[in-house]
Each structure stands twice: as structure tokens, then as C-alpha cells.
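Visitor: The structure file my_file20.txt (compact mmCIF, C-alpha atoms) is provided below.
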```txt
# COMPACT_ATOMS: atom_id res chain seq x y z
CA MET T 1497 0.00 0.00 0.00
CA SER T 1498 1.10 3.52 -0.80
CA GLU T 1499 -0.23 6.87 0.33
CA ILE T 1500 0.42 10.23 -1.37
CA ASN T 1501 -0.78 13.71 -0.36
CA LEU T 1502 -0.82 16.33 -3.13
CA SER T 1503 -1.11 20.03 -2.36
CA ILE T 1504 -2.80 22.03 -5.14
CA THR T 1505 -1.46 25.57 -5.45
CA GLY T 1506 -1.78 28.38 -7.99
CA ILE T 1507 -5.22 27.37 -9.27
CA ASP T 1508 -8.81 27.19 -8.07
CA PRO T 1509 -9.33 23.55 -7.00
CA ILE T 1510 -12.80 23.55 -8.60
CA ASP T 1511 -11.16 24.03 -12.03
CA LEU T 1512 -9.22 20.84 -11.36
CA TYR T 1513 -11.89 18.80 -9.60
CA GLY T 1514 -14.82 19.84 -11.78
CA GLN T 1515 -18.33 20.60 -10.63
CA ARG T 1516 -19.33 18.00 -8.03
CA ASN T 1517 -15.89 16.40 -8.48
CA SER T 1518 -16.82 15.33 -12.04
CA LYS T 1519 -13.19 15.28 -13.24
CA LEU T 1520 -11.92 13.46 -10.19
CA ASN T 1521 -14.70 10.91 -10.66
CA ILE T 1522 -13.35 10.15 -14.15
CA LEU T 1523 -10.00 9.33 -12.54
CA LYS T 1524 -11.72 7.21 -9.91
CA GLU T 1525 -13.49 5.17 -12.57
CA ALA T 1526 -10.23 4.65 -14.46
CA TYR T 1527 -8.33 3.59 -11.33
CA PRO T 1528 -10.80 1.75 -9.07
CA ASN T 1529 -7.97 0.31 -6.95
CA VAL T 1530 -6.86 3.79 -5.87
CA THR T 1531 -8.81 5.73 -3.26
CA ILE T 1532 -8.92 9.41 -4.27
CA THR T 1533 -10.22 11.91 -1.73
CA SER T 1534 -10.11 15.69 -1.86
CA ARG T 1535 -10.41 18.27 0.88
CA GLY T 1536 -9.87 21.90 -0.04
CA SER T 1537 -6.59 22.18 -1.91
CA THR T 1538 -5.31 18.75 -0.83
CA ILE T 1539 -5.78 15.44 -2.64
CA ARG T 1540 -5.04 12.15 -0.89
CA LEU T 1541 -4.21 9.02 -2.88
CA SER T 1542 -4.00 5.58 -1.34
CA GLY T 1543 -3.67 2.13 -2.90
CA ASP T 1544 -1.22 0.05 -4.92
CA LYS T 1545 2.09 1.91 -5.26
CA LYS T 1546 2.25 1.59 -9.06
CA ASP T 1547 -1.32 2.82 -9.57
CA THR T 1548 -1.02 5.70 -7.10
CA GLN T 1549 2.07 6.92 -8.95
CA LYS T 1550 0.12 6.79 -12.22
CA VAL T 1551 -2.77 8.80 -10.75
CA LYS T 1552 -0.28 11.30 -9.30
CA ALA T 1553 1.25 11.79 -12.77
CA LYS T 1554 -2.22 12.26 -14.33
CA LEU T 1555 -3.14 14.85 -11.70
CA GLU T 1556 0.10 16.75 -12.25
CA THR T 1557 -0.65 16.91 -15.98
CA MET T 1558 -4.17 18.15 -15.21
CA VAL T 1559 -2.81 20.84 -12.89
CA ARG T 1560 -0.37 22.00 -15.56
CA LEU T 1561 -3.19 22.28 -18.12
CA VAL T 1562 -5.36 24.29 -15.72
CA LYS T 1563 -2.45 26.60 -14.87
CA GLN T 1564 -1.96 27.28 -18.58
CA LYS T 1565 -5.71 27.93 -18.86
CA GLN T 1566 -6.10 25.18 -21.42
CA GLU T 1567 -9.25 23.15 -21.89
CA LEU T 1568 -9.74 20.23 -19.51
CA ASN T 1569 -12.93 18.59 -20.77
CA LYS T 1570 -13.97 14.94 -20.86
CA ASP T 1571 -12.12 14.27 -24.12
CA VAL T 1572 -8.87 15.73 -22.77
CA MET T 1573 -9.34 13.74 -19.56
CA ALA T 1574 -9.78 10.55 -21.60
CA ASP T 1575 -6.60 11.31 -23.57
CA ILE T 1576 -4.64 11.87 -20.36
CA ILE T 1577 -5.90 8.62 -18.87
CA ASN T 1578 -5.04 6.74 -22.08
CA GLY T 1579 -1.45 8.01 -21.84
CA THR T 1580 -1.55 10.83 -24.41
CA ASN T 1581 0.63 13.77 -23.44
CA PRO T 1582 -1.31 16.94 -24.39
CA PHE T 1583 1.96 18.90 -24.47
CA LEU T 1584 3.51 16.80 -27.24
CA ASP T 1585 2.76 16.65 -30.95
CA GLU T 1586 2.03 13.36 -32.73
CA SER T 1587 5.72 12.62 -33.29
CA GLY T 1588 6.61 13.32 -29.66
CA ASN T 1589 8.82 16.23 -30.62
CA GLY T 1590 7.62 18.60 -27.95
CA HIS T 1591 5.13 21.40 -27.68
CA ILE T 1592 2.97 21.93 -30.78
CA GLY T 1593 3.25 25.69 -31.10
CA SER T 1594 3.55 28.96 -29.28
CA THR T 1595 0.49 30.95 -28.32
CA ILE T 1596 -1.17 32.88 -31.16
CA LEU T 1597 -2.92 35.21 -28.72
CA HIS T 1598 -4.76 35.19 -25.42
CA GLY T 1599 -8.52 35.11 -25.74
CA ARG T 1600 -11.19 36.09 -23.28
CA ASN T 1601 -10.35 35.40 -19.64
CA GLY T 1602 -6.69 35.03 -20.61
CA LYS T 1603 -7.15 31.65 -22.28
CA PRO T 1604 -4.16 30.94 -24.58
CA ILE T 1605 -5.14 30.13 -28.15
CA LYS T 1606 -2.51 28.05 -29.91
CA ALA T 1607 -2.02 25.36 -32.52
CA ARG T 1608 -3.08 21.99 -31.13
CA THR T 1609 -1.96 19.81 -34.04
CA LYS T 1610 0.91 19.64 -36.54
CA ASN T 1611 -1.20 20.85 -39.44
CA GLN T 1612 -2.64 23.74 -37.45
CA LYS T 1613 0.96 24.74 -36.72
CA ARG T 1614 1.72 24.41 -40.43
CA LEU T 1615 -1.23 26.71 -41.19
CA ILE T 1616 0.28 29.34 -38.87
CA ASP T 1617 3.73 29.00 -40.45
CA LEU T 1618 2.34 29.25 -43.99
CA SER T 1619 0.32 32.34 -43.08
CA GLU T 1620 3.44 34.06 -41.76
CA ASN T 1621 5.34 33.37 -45.00
CA ASN T 1622 2.60 33.72 -47.63
CA ASP T 1623 -0.03 36.35 -48.42
CA ILE T 1624 -2.62 33.77 -49.49
CA VAL T 1625 -3.12 30.40 -47.79
CA PHE T 1626 -5.61 27.63 -48.59
CA ALA T 1627 -6.55 25.56 -45.51
CA ILE T 1628 -8.40 22.45 -46.64
CA GLY T 1629 -9.85 19.87 -44.30
CA PRO T 1630 -12.95 18.28 -42.77
CA ALA T 1631 -15.16 19.79 -40.09
CA GLY T 1632 -13.72 20.11 -36.61
CA THR T 1633 -10.06 20.45 -37.61
CA GLY T 1634 -9.82 24.03 -36.31
CA LYS T 1635 -8.98 25.62 -39.66
CA THR T 1636 -11.50 28.49 -39.35
CA TYR T 1637 -10.80 29.03 -35.64
CA THR T 1638 -7.04 29.17 -36.22
CA ALA T 1639 -7.50 31.54 -39.17
CA VAL T 1640 -9.66 33.91 -37.10
CA ALA T 1641 -7.07 33.83 -34.29
CA LEU T 1642 -4.34 34.82 -36.76
CA ALA T 1643 -6.51 37.66 -38.05
CA VAL T 1644 -7.23 38.98 -34.54
CA ARG T 1645 -3.52 38.82 -33.67
CA ALA T 1646 -2.64 40.78 -36.82
CA LEU T 1647 -5.21 43.44 -35.87
CA LYS T 1648 -3.97 43.65 -32.27
CA ASN T 1649 -0.38 43.99 -33.49
CA ARG T 1650 -1.49 46.71 -35.96
CA LEU T 1651 -0.24 44.73 -38.94
CA VAL T 1652 -3.62 45.34 -40.59
CA LYS T 1653 -6.31 47.98 -40.13
CA LYS T 1654 -9.30 45.69 -40.36
CA ILE T 1655 -10.55 42.11 -40.52
CA ILE T 1656 -12.99 40.93 -43.17
CA LEU T 1657 -14.69 37.58 -42.66
CA THR T 1658 -16.83 36.23 -45.48
CA ARG T 1659 -18.46 33.05 -46.73
CA PRO T 1660 -20.89 32.12 -49.49
CA ALA T 1661 -24.55 31.95 -48.44
CA VAL T 1662 -25.03 28.39 -49.64
CA GLU T 1663 -25.84 25.62 -47.21
CA ALA T 1664 -27.27 22.16 -47.72
CA GLY T 1665 -29.42 23.17 -50.67
CA GLU T 1666 -31.40 25.78 -48.77
CA SER T 1667 -32.61 28.92 -50.53
CA LEU T 1668 -32.33 32.29 -48.80
CA GLY T 1669 -35.66 33.31 -50.28
CA PHE T 1670 -37.47 30.75 -48.14
CA LEU T 1671 -35.86 31.86 -44.88
CA PRO T 1672 -37.69 34.39 -42.63
CA GLY T 1673 -36.55 37.97 -41.98
CA ASP T 1674 -34.69 40.69 -43.88
CA LEU T 1675 -31.37 40.10 -45.67
CA LYS T 1676 -29.26 40.48 -42.50
CA GLU T 1677 -31.46 38.02 -40.60
CA LYS T 1678 -31.26 35.58 -43.51
CA ILE T 1679 -27.46 35.85 -43.77
CA ASP T 1680 -26.45 35.89 -40.07
CA PRO T 1681 -27.01 32.15 -39.43
CA TYR T 1682 -24.51 31.33 -42.18
CA LEU T 1683 -21.93 33.61 -40.57
CA ARG T 1684 -22.52 32.35 -37.01
CA PRO T 1685 -19.35 30.21 -36.82
CA LEU T 1686 -17.26 33.31 -37.53
CA TYR T 1687 -19.07 35.30 -34.81
CA ASP T 1688 -18.53 32.41 -32.37
CA ALA T 1689 -14.76 32.43 -32.98
CA LEU T 1690 -14.58 36.21 -32.53
CA GLU T 1691 -16.58 36.08 -29.31
CA ASP T 1692 -14.09 33.56 -27.94
CA MET T 1693 -11.15 35.87 -28.60
CA LEU T 1694 -12.33 39.41 -27.86
CA PRO T 1695 -14.19 41.00 -24.93
CA ALA T 1696 -17.84 41.70 -25.77
CA GLU T 1697 -17.45 45.50 -25.55
CA LYS T 1698 -14.38 45.59 -27.81
CA LEU T 1699 -15.96 43.23 -30.34
CA GLU T 1700 -19.11 45.38 -30.47
CA HIS T 1701 -16.95 48.48 -31.01
CA PHE T 1702 -14.99 46.81 -33.79
CA MET T 1703 -18.19 45.63 -35.47
CA THR T 1704 -19.90 49.02 -35.17
CA THR T 1705 -16.91 50.88 -36.61
CA ARG T 1706 -16.46 48.19 -39.30
CA ILE T 1707 -12.92 47.46 -38.15
CA ILE T 1708 -14.21 43.89 -38.14
CA GLU T 1709 -16.61 43.19 -40.98
CA VAL T 1710 -18.58 39.97 -41.39
CA ALA T 1711 -20.41 39.79 -44.70
CA PRO T 1712 -21.56 37.34 -47.39
CA LEU T 1713 -19.24 36.78 -50.33
CA ALA T 1714 -21.51 38.62 -52.77
CA TYR T 1715 -20.78 41.86 -50.90
CA MET T 1716 -17.11 41.67 -51.90
CA ARG T 1717 -17.78 42.36 -55.58
CA GLY T 1718 -16.36 45.65 -56.85
CA ARG T 1719 -14.27 46.34 -53.74
CA THR T 1720 -10.52 46.56 -53.18
CA LEU T 1721 -9.61 44.86 -49.91
CA ASP T 1722 -6.36 46.40 -48.70
CA GLN T 1723 -4.55 46.67 -45.34
CA ALA T 1724 -6.88 43.93 -44.18
CA PHE T 1725 -6.76 40.30 -43.04
CA ILE T 1726 -9.45 38.52 -45.05
CA ILE T 1727 -10.84 35.05 -44.38
CA LEU T 1728 -13.03 33.27 -46.93
CA ASP T 1729 -14.73 30.43 -45.07
CA GLU T 1730 -16.61 27.46 -46.58
CA ALA T 1731 -14.93 28.16 -49.91
CA GLN T 1732 -15.92 24.74 -51.24
CA ASN T 1733 -19.32 26.32 -51.89
CA THR T 1734 -17.97 28.95 -54.27
CA THR T 1735 -18.10 28.68 -58.04
CA SER T 1736 -14.97 29.29 -60.11
CA SER T 1737 -16.16 32.79 -61.02
CA GLN T 1738 -16.93 33.63 -57.37
CA ILE T 1739 -13.55 32.59 -55.99
CA LYS T 1740 -11.78 34.35 -58.88
CA MET T 1741 -13.80 37.49 -58.09
CA PHE T 1742 -12.77 37.23 -54.43
CA LEU T 1743 -9.06 36.65 -55.08
CA THR T 1744 -8.86 39.59 -57.46
CA ARG T 1745 -10.22 41.92 -54.74
CA LEU T 1746 -7.01 41.70 -52.70
CA GLY T 1747 -5.00 44.90 -52.30
CA PRO T 1748 -1.18 45.09 -52.10
CA SER T 1749 -1.08 44.97 -48.27
CA ALA T 1750 -3.75 42.31 -47.74
CA LYS T 1751 -3.40 38.88 -46.11
CA CYS T 1752 -5.86 36.12 -46.87
CA ILE T 1753 -6.76 32.63 -45.63
CA ILE T 1754 -9.25 30.54 -47.58
CA THR T 1755 -10.78 27.58 -45.75
CA GLY T 1756 -12.91 24.78 -47.10
CA ASP T 1757 -13.99 21.15 -46.82
CA LEU T 1758 -14.02 19.41 -50.20
CA SER T 1759 -16.10 16.56 -48.77
CA GLN T 1760 -19.04 18.86 -47.95
CA ILE T 1761 -19.88 20.68 -51.18
CA ASP T 1762 -23.44 22.07 -51.22
CA LEU T 1763 -23.41 23.40 -54.78
CA PRO T 1764 -25.93 22.05 -57.30
CA THR T 1765 -25.18 18.55 -58.57
CA ARG T 1766 -22.43 18.32 -61.19
CA GLN T 1767 -21.23 21.88 -60.53
CA ARG T 1768 -17.51 21.76 -59.75
CA SER T 1769 -16.35 23.63 -56.68
CA GLY T 1770 -14.35 26.76 -57.43
CA LEU T 1771 -12.05 25.77 -54.56
CA HIS T 1772 -11.00 22.65 -56.47
CA THR T 1773 -10.15 24.72 -59.52
CA ALA T 1774 -8.32 27.43 -57.56
CA ILE T 1775 -6.06 24.95 -55.76
CA ASP T 1776 -5.10 23.30 -59.06
CA ILE T 1777 -4.49 26.54 -60.96
CA LEU T 1778 -2.71 28.55 -58.24
CA LYS T 1779 -0.48 25.85 -56.74
CA PRO T 1780 2.72 26.89 -58.62
CA ILE T 1781 2.48 30.61 -57.75
CA PRO T 1782 5.01 31.86 -55.14
CA GLY T 1783 3.35 33.53 -52.14
CA ILE T 1784 0.42 31.10 -52.12
CA GLY T 1785 0.50 28.21 -49.66
CA THR T 1786 -1.76 25.20 -49.12
CA VAL T 1787 -2.22 22.99 -46.07
CA PHE T 1788 -4.39 19.89 -45.94
CA LEU T 1789 -5.82 18.96 -42.54
CA ASP T 1790 -7.27 15.53 -41.81
CA ALA T 1791 -8.94 13.43 -39.13
CA ASN T 1792 -5.81 13.62 -36.95
CA ASP T 1793 -6.39 17.37 -36.59
CA VAL T 1794 -9.93 17.07 -35.23
CA VAL T 1795 -10.33 19.03 -31.99
CA ARG T 1796 -14.06 18.51 -31.43
CA HIS T 1797 -15.72 15.50 -29.78
CA ARG T 1798 -13.55 12.39 -30.06
CA LEU T 1799 -16.28 10.65 -32.13
CA VAL T 1800 -15.96 13.31 -34.86
CA LYS T 1801 -12.58 11.84 -35.82
CA ASP T 1802 -14.07 8.36 -36.12
CA ILE T 1803 -17.02 9.72 -38.11
CA ILE T 1804 -14.71 11.46 -40.60
CA ILE T 1805 -12.58 8.33 -41.03
CA ALA T 1806 -15.71 6.21 -41.58
CA TYR T 1807 -17.03 8.57 -44.26
CA GLU T 1808 -13.62 8.74 -45.97
CA ARG T 1809 -13.46 4.94 -46.04
CA HIS T 1810 -16.98 4.75 -47.49
CA SER T 1811 -16.14 7.41 -50.11
CA ASN T 1812 -12.97 5.59 -51.16
CA GLU T 1813 -14.84 2.28 -51.44
CA TRP T 1814 -17.58 3.94 -53.52
CA LYS T 1815 -14.99 5.53 -55.86
CA LYS T 1816 -13.20 2.20 -56.25
CA ALA T 1817 -16.46 0.41 -57.06
CA LYS T 1818 -17.37 3.13 -59.55
CA GLU T 1819 -14.00 2.82 -61.31
CA GLU T 1820 -14.40 -0.96 -61.49
CA ARG T 1821 -17.88 -0.57 -63.02
CA GLU T 1822 -16.55 1.94 -65.56
CA ASN T 1823 -13.60 -0.28 -66.46
CA THR T 1824 -15.90 -3.30 -66.88
CA TYR T 1825 -18.23 -1.26 -69.10
CA LYS T 1826 -15.31 -0.03 -71.24
CA ALA T 1827 -13.95 -3.56 -71.58
CA LYS T 1828 -17.35 -4.84 -72.75
CA GLN T 1829 -17.71 -1.94 -75.19
CA LYS T 1830 -14.25 -2.69 -76.56
CA GLU T 1831 -15.14 -6.36 -76.91
CA VAL T 1832 -18.35 -5.50 -78.83
CA ILE T 1833 -16.45 -3.17 -81.17
CA GLU T 1834 -13.78 -5.81 -81.84
CA LYS T 1835 -16.44 -8.41 -82.67
CA GLN T 1836 -18.10 -5.96 -85.06
CA VAL T 1837 -14.78 -5.33 -86.81
CA ILE T 1838 -14.15 -9.06 -87.18
CA THR T 1839 -17.66 -9.57 -88.58
CA GLU T 1840 -17.23 -6.78 -91.12
CA GLU T 1841 -13.87 -8.17 -92.23
CA GLU T 1842 -15.42 -11.59 -92.81
```
Produce C-alpha cells that represent the structure in this file.
Guide:
Amino acid sequence: MSEINLSITGIDPIDLYGQRNSKLNILKEAYPNVTITSRGSTIRLSGDKKDTQKVKAKLETMVRLVKQKQELNKDVMADIINGTNPFLDESGNGHIGSTILHGRNGKPIKARTKNQKRLIDLSENNDIVFAIGPAGTGKTYTAVALAVRALKNRLVKKIILTRPAVEAGESLGFLPGDLKEKIDPYLRPLYDALEDMLPAEKLEHFMTTRIIEVAPLAYMRGRTLDQAFIILDEAQNTTSSQIKMFLTRLGPSAKCIITGDLSQIDLPTRQRSGLHTAIDILKPIPGIGTVFLDANDVVRHRLVKDIIIAYERHSNEWKKAKEERENTYKAKQKEVIEKQVITEEE
């Protein structure tokens, strides 16, 4: 038997324990042979020496996360219990990335995956960056954080956030309200990111004075966007002419990040996404970077990663089956033509 007393300092114990000890209870369920009791800022561990040392290490990791004001939700708790070090990247090479900025309540906002870090690096070395990946990979959130940092550091005079008003086949004409009320739901993810990074009063001031502008893509036509950090979100739902129109709006001192998910295109059937075309055409141009995020970059619920992988597997199987059907059809057509030729020769 082993007994360890841990003294928690520098943080509010509730942030570590969770409401009604919810986070400690997760540890208790994972290590039933260790008795974990808390009183004020002291935690007492008793049980098998090997297990108590493991629980001690998990608690120390949790304390470090709380001190750095990082998220300590159920998914993070599960990762810690499973042995994942939240301070290491996938290759174990150390901390993912330095803080982009501090959001509301001093929470540090930083890259949490290798590809998010790559997005940051590309943005610092290119004026236009394409960030392509499935939902939940943090591409929009990271892009907004970079834009807010640029504004705070006075590298730009304004932020422009835009996205096409196309979602899941819905028509704006059938939605209630005036144009602003119709458009706002499509722009909500951008508002959510801003609200996480700026105090309410400052955000309201920036919005009122149009230092931060959130608008549908159609509103960009005819403008020159200069001394601004521009983010085009959901770019997979642009046509080739729309994305060309957007890219040719950029002024000489503009920075731009274009995000999109090529697996969730809501354009009419058989209409090719302008994002596809833009990536292919613009790839060789210096000053334009592209990063592809994948299921390993998912920072939402742990099931989101599994869902994305399942859909990718299904899509690949469907494409393979389609190719096999097309090849079989071509082979039969070729066989028919060859028989016709032989018949005619006879």
C-alpha cells in the first residue's frame, strides 16, 4: 500500500476537480484500486504503489493544463488517462506551437496539431493560404485567431470575414426575416470564434466601426480589400467565377486565408467547386501556400474523428467500385467493337 498527499497551489481547486468532483470521478473510474479523496486544496491518494504513482502523474498533468488555462474537458481527460501527453505533438517532438494570442479570460489560443501549426507558419510566410480539411479540424478558428492577432499587433487595419450563403441546398428566399437576418445564421461560426477571442465590448466596437466586418461573399464584388486580413470560409461552396472574383479583390497589403472542406460541397449537382479549380491553378504561384488537414487534426468531440474516417473509407470504397464498373463497361464496349470489326472483315 502507498499513500500520497498532493497540495494544489496556484489554481482554483474547482477548475481541477470539476463541478461535483466530475473530473476526479473520471480518474476514480479509471483507477478503481486507488482511493482518491479531496479536501480543499489537498488530494489524498491511497492504494497500490504503481497505480497511485500513475494517478499522481495524471493529476500533475491536469494541474499543468489548468495553470496554462487550457481546456480540460472529458475528451482531454480521456486522452490523459489513455497516456496521451497533451503537451507533445504526434511525433513526440515537444510542444505543438507557441500561443497565437490570449482570448477572453486570458485563455491561450494556440495550434493543437501539426497541421494547425503548419497553417500558422504558412500564413506568416505567404499572403494567401488555402486551408483544406474536414469539419472540426480548427482551420477556421485558427485563421480567425491569426486575423485577430494581426489586428492587435497593428499589422492590418481591419478584418474581413466572409463566406458564401449556400448551405445544404437551402434557398435564402425561403428563410424568414430581412437580408441580415437571412445571412447571419450562415456567418454564425465566424461570430462564435470572434466572441471567444475578444471581450464583448471591444468586439461590439470593432463591429460598429467596421474594423471587423462579417459579410456574405456577394458583398465583396467591386471592392478593393487592402490593409486587411481577409478570411473566406466554406470556400468549397464557391463557383470558379466567385472565388476568382474574391481573389482579385485583394490589395497590395492584404493577407488572406481561404478555408474549405471538399467533402461537404453544397453546390448544385455536377457543378464543380471553385475551390477545387483554384487549388489546381494557383499551386505553382510563389506567395500562395496550401495545407491539408485531416482526421488527426480534429479538436471537437472524439467521435468526430471516427465519423470522418468512416465517411472517408466509405467514399474511397464507392470511388473504387465506380471505377471498377466503368472499367468493366469499357472492356465490354471494346469487346463488342472488336467483334463488329471481325464480322465486317469476314
Visitor: Please indicate the distance in Å from CA of Ile1727 (chain T) to CA of Lys1606 (chain T), rounded to one decimal place.
Guide: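 Computing it gives 18.1 Å between the two atoms.
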Visitor: Which of these residues is nearest to Pro1782 (chain T), using only C-alpha atoms: T:Ile1576, T:Met1558, T:Ile1754, T:Leu1618?
Guide: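 Comparing T:Ile1576, T:Met1558, T:Ile1754, T:Leu1618 against Pro1782 (chain T), the winner is T:Leu1618.
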Visitor: Which residue out of T:Lys1610, T:Lys1570, T:Arg1645, T:Lys1740 has the minimum interatomic distance to Thr1595 (chain T) when only C-alpha atoms are used?
Guide: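 So, comparing all the options, the nearest one is T:Arg1645.
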Visitor: With distances taken over all atoms listed in the file, which of T:Ile1500, T:Leu1523, T:Ile1507, T:Val1640 is nearest to Lys1546 (chain T)?
Guide: T:Ile1500
Visitor: The centre and edge lengths of an axis-aligned box containing all atoms of region 1544-1562 of chain T present in the file, extended by 5 Å on each side, are to be given in Å to one decimal, as JSON.
Guide:
```
{"center_x": -1.6, "center_y": 12.2, "center_z": -11.5, "size_x": 17.6, "size_y": 34.2, "size_z": 23.2}
```
Visitor: Please list as a list in words every residue within 6 Å of Lys1654 (chain T), counting only C-alpha atoms and excluding residues in the same chain fewer than 3 positions away.
Guide: Ile1707, Ile1708 and Ala1724 of chain T
Visitor: Can you tell me how far CA of Val1794 (chain T) sits from CA of Ala1731 (chain T), in Å to one decimal?
Guide: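 Going from CA of Val1794 (chain T) over to CA of Ala1731 (chain T) covers 19.1 Å.
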Visitor: Could you give me, as a PyMOL selection string, the residues within 12 Å of Arg1535 (chain T), counting all atoms listed in the file and dropping anything in the same chain fewer than 4 positions from it?
Guide: chain T and resi 1501-1504+1509-1510+1513+1517+1539-1541
Visitor: Counting all atoms listed in the file, figure out which residue out of T:Met1716, T:Ile1624, T:Ile1726, T:Met1497 gets nearest to Val1530 (chain T).
Guide: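 Among T:Met1716, T:Ile1624, T:Ile1726, T:Met1497, it is T:Met1497 that comes nearest to Val1530 (chain T).
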Visitor: May I have the protein, DNA and RNA residues with an atom at most 12 Å from (-7.2, 25.7, -12.3), counting all atoms listed in the file in the file's coordinates, returned as a list of chain:residue names?
Guide: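 The residues that fall inside the cut-off are T:Ile1504, T:Thr1505, T:Gly1506, T:Ile1507, T:Asp1508, T:Pro1509, T:Ile1510, T:Asp1511, T:Leu1512, T:Tyr1513, T:Gly1514, T:Ser1537, T:Leu1555, T:Glu1556, T:Thr1557, T:Met1558, T:Val1559, T:Arg1560, T:Leu1561, T:Val1562, T:Lys1563, T:Gln1564, T:Lys1565, T:Gln1566, T:Glu1567, T:Leu1568, T:Lys1603.
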Visitor: In Å, how far is it from CA of Tyr1637 (chain T) to CA of Asp1790 (chain T)?
Guide: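 Atom-to-atom, CA of Tyr1637 (chain T) to CA of Asp1790 (chain T), that is 15.3 Å.
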Visitor: Restricting the calculation to all atoms listed in the file, which member of T:Asp1757, T:Glu1820, T:Glu1813, T:Asp1793 is positioned closest to Leu1615 (chain T)?
Guide: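 For Leu1615 (chain T), the nearest of the given residues is T:Asp1793.
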Visitor: What's the 8 Å shell around Thr1548 (chain T), counting only C-alpha atoms, without same-chain residues fewer than 3 positions away, as a ChimeraX atom specification?
Guide: /T:1498-1500,1530,1541-1545,1551-1552
Visitor: T:Phe1742, T:Phe1788, T:Tyr1715, T:Tyr1807: which is nearest Gly1634 (chain T), counting only C-alpha atoms?
Guide: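 Ranking T:Phe1742, T:Phe1788, T:Tyr1715, T:Tyr1807 by distance to Gly1634 (chain T), first place goes to T:Phe1788.
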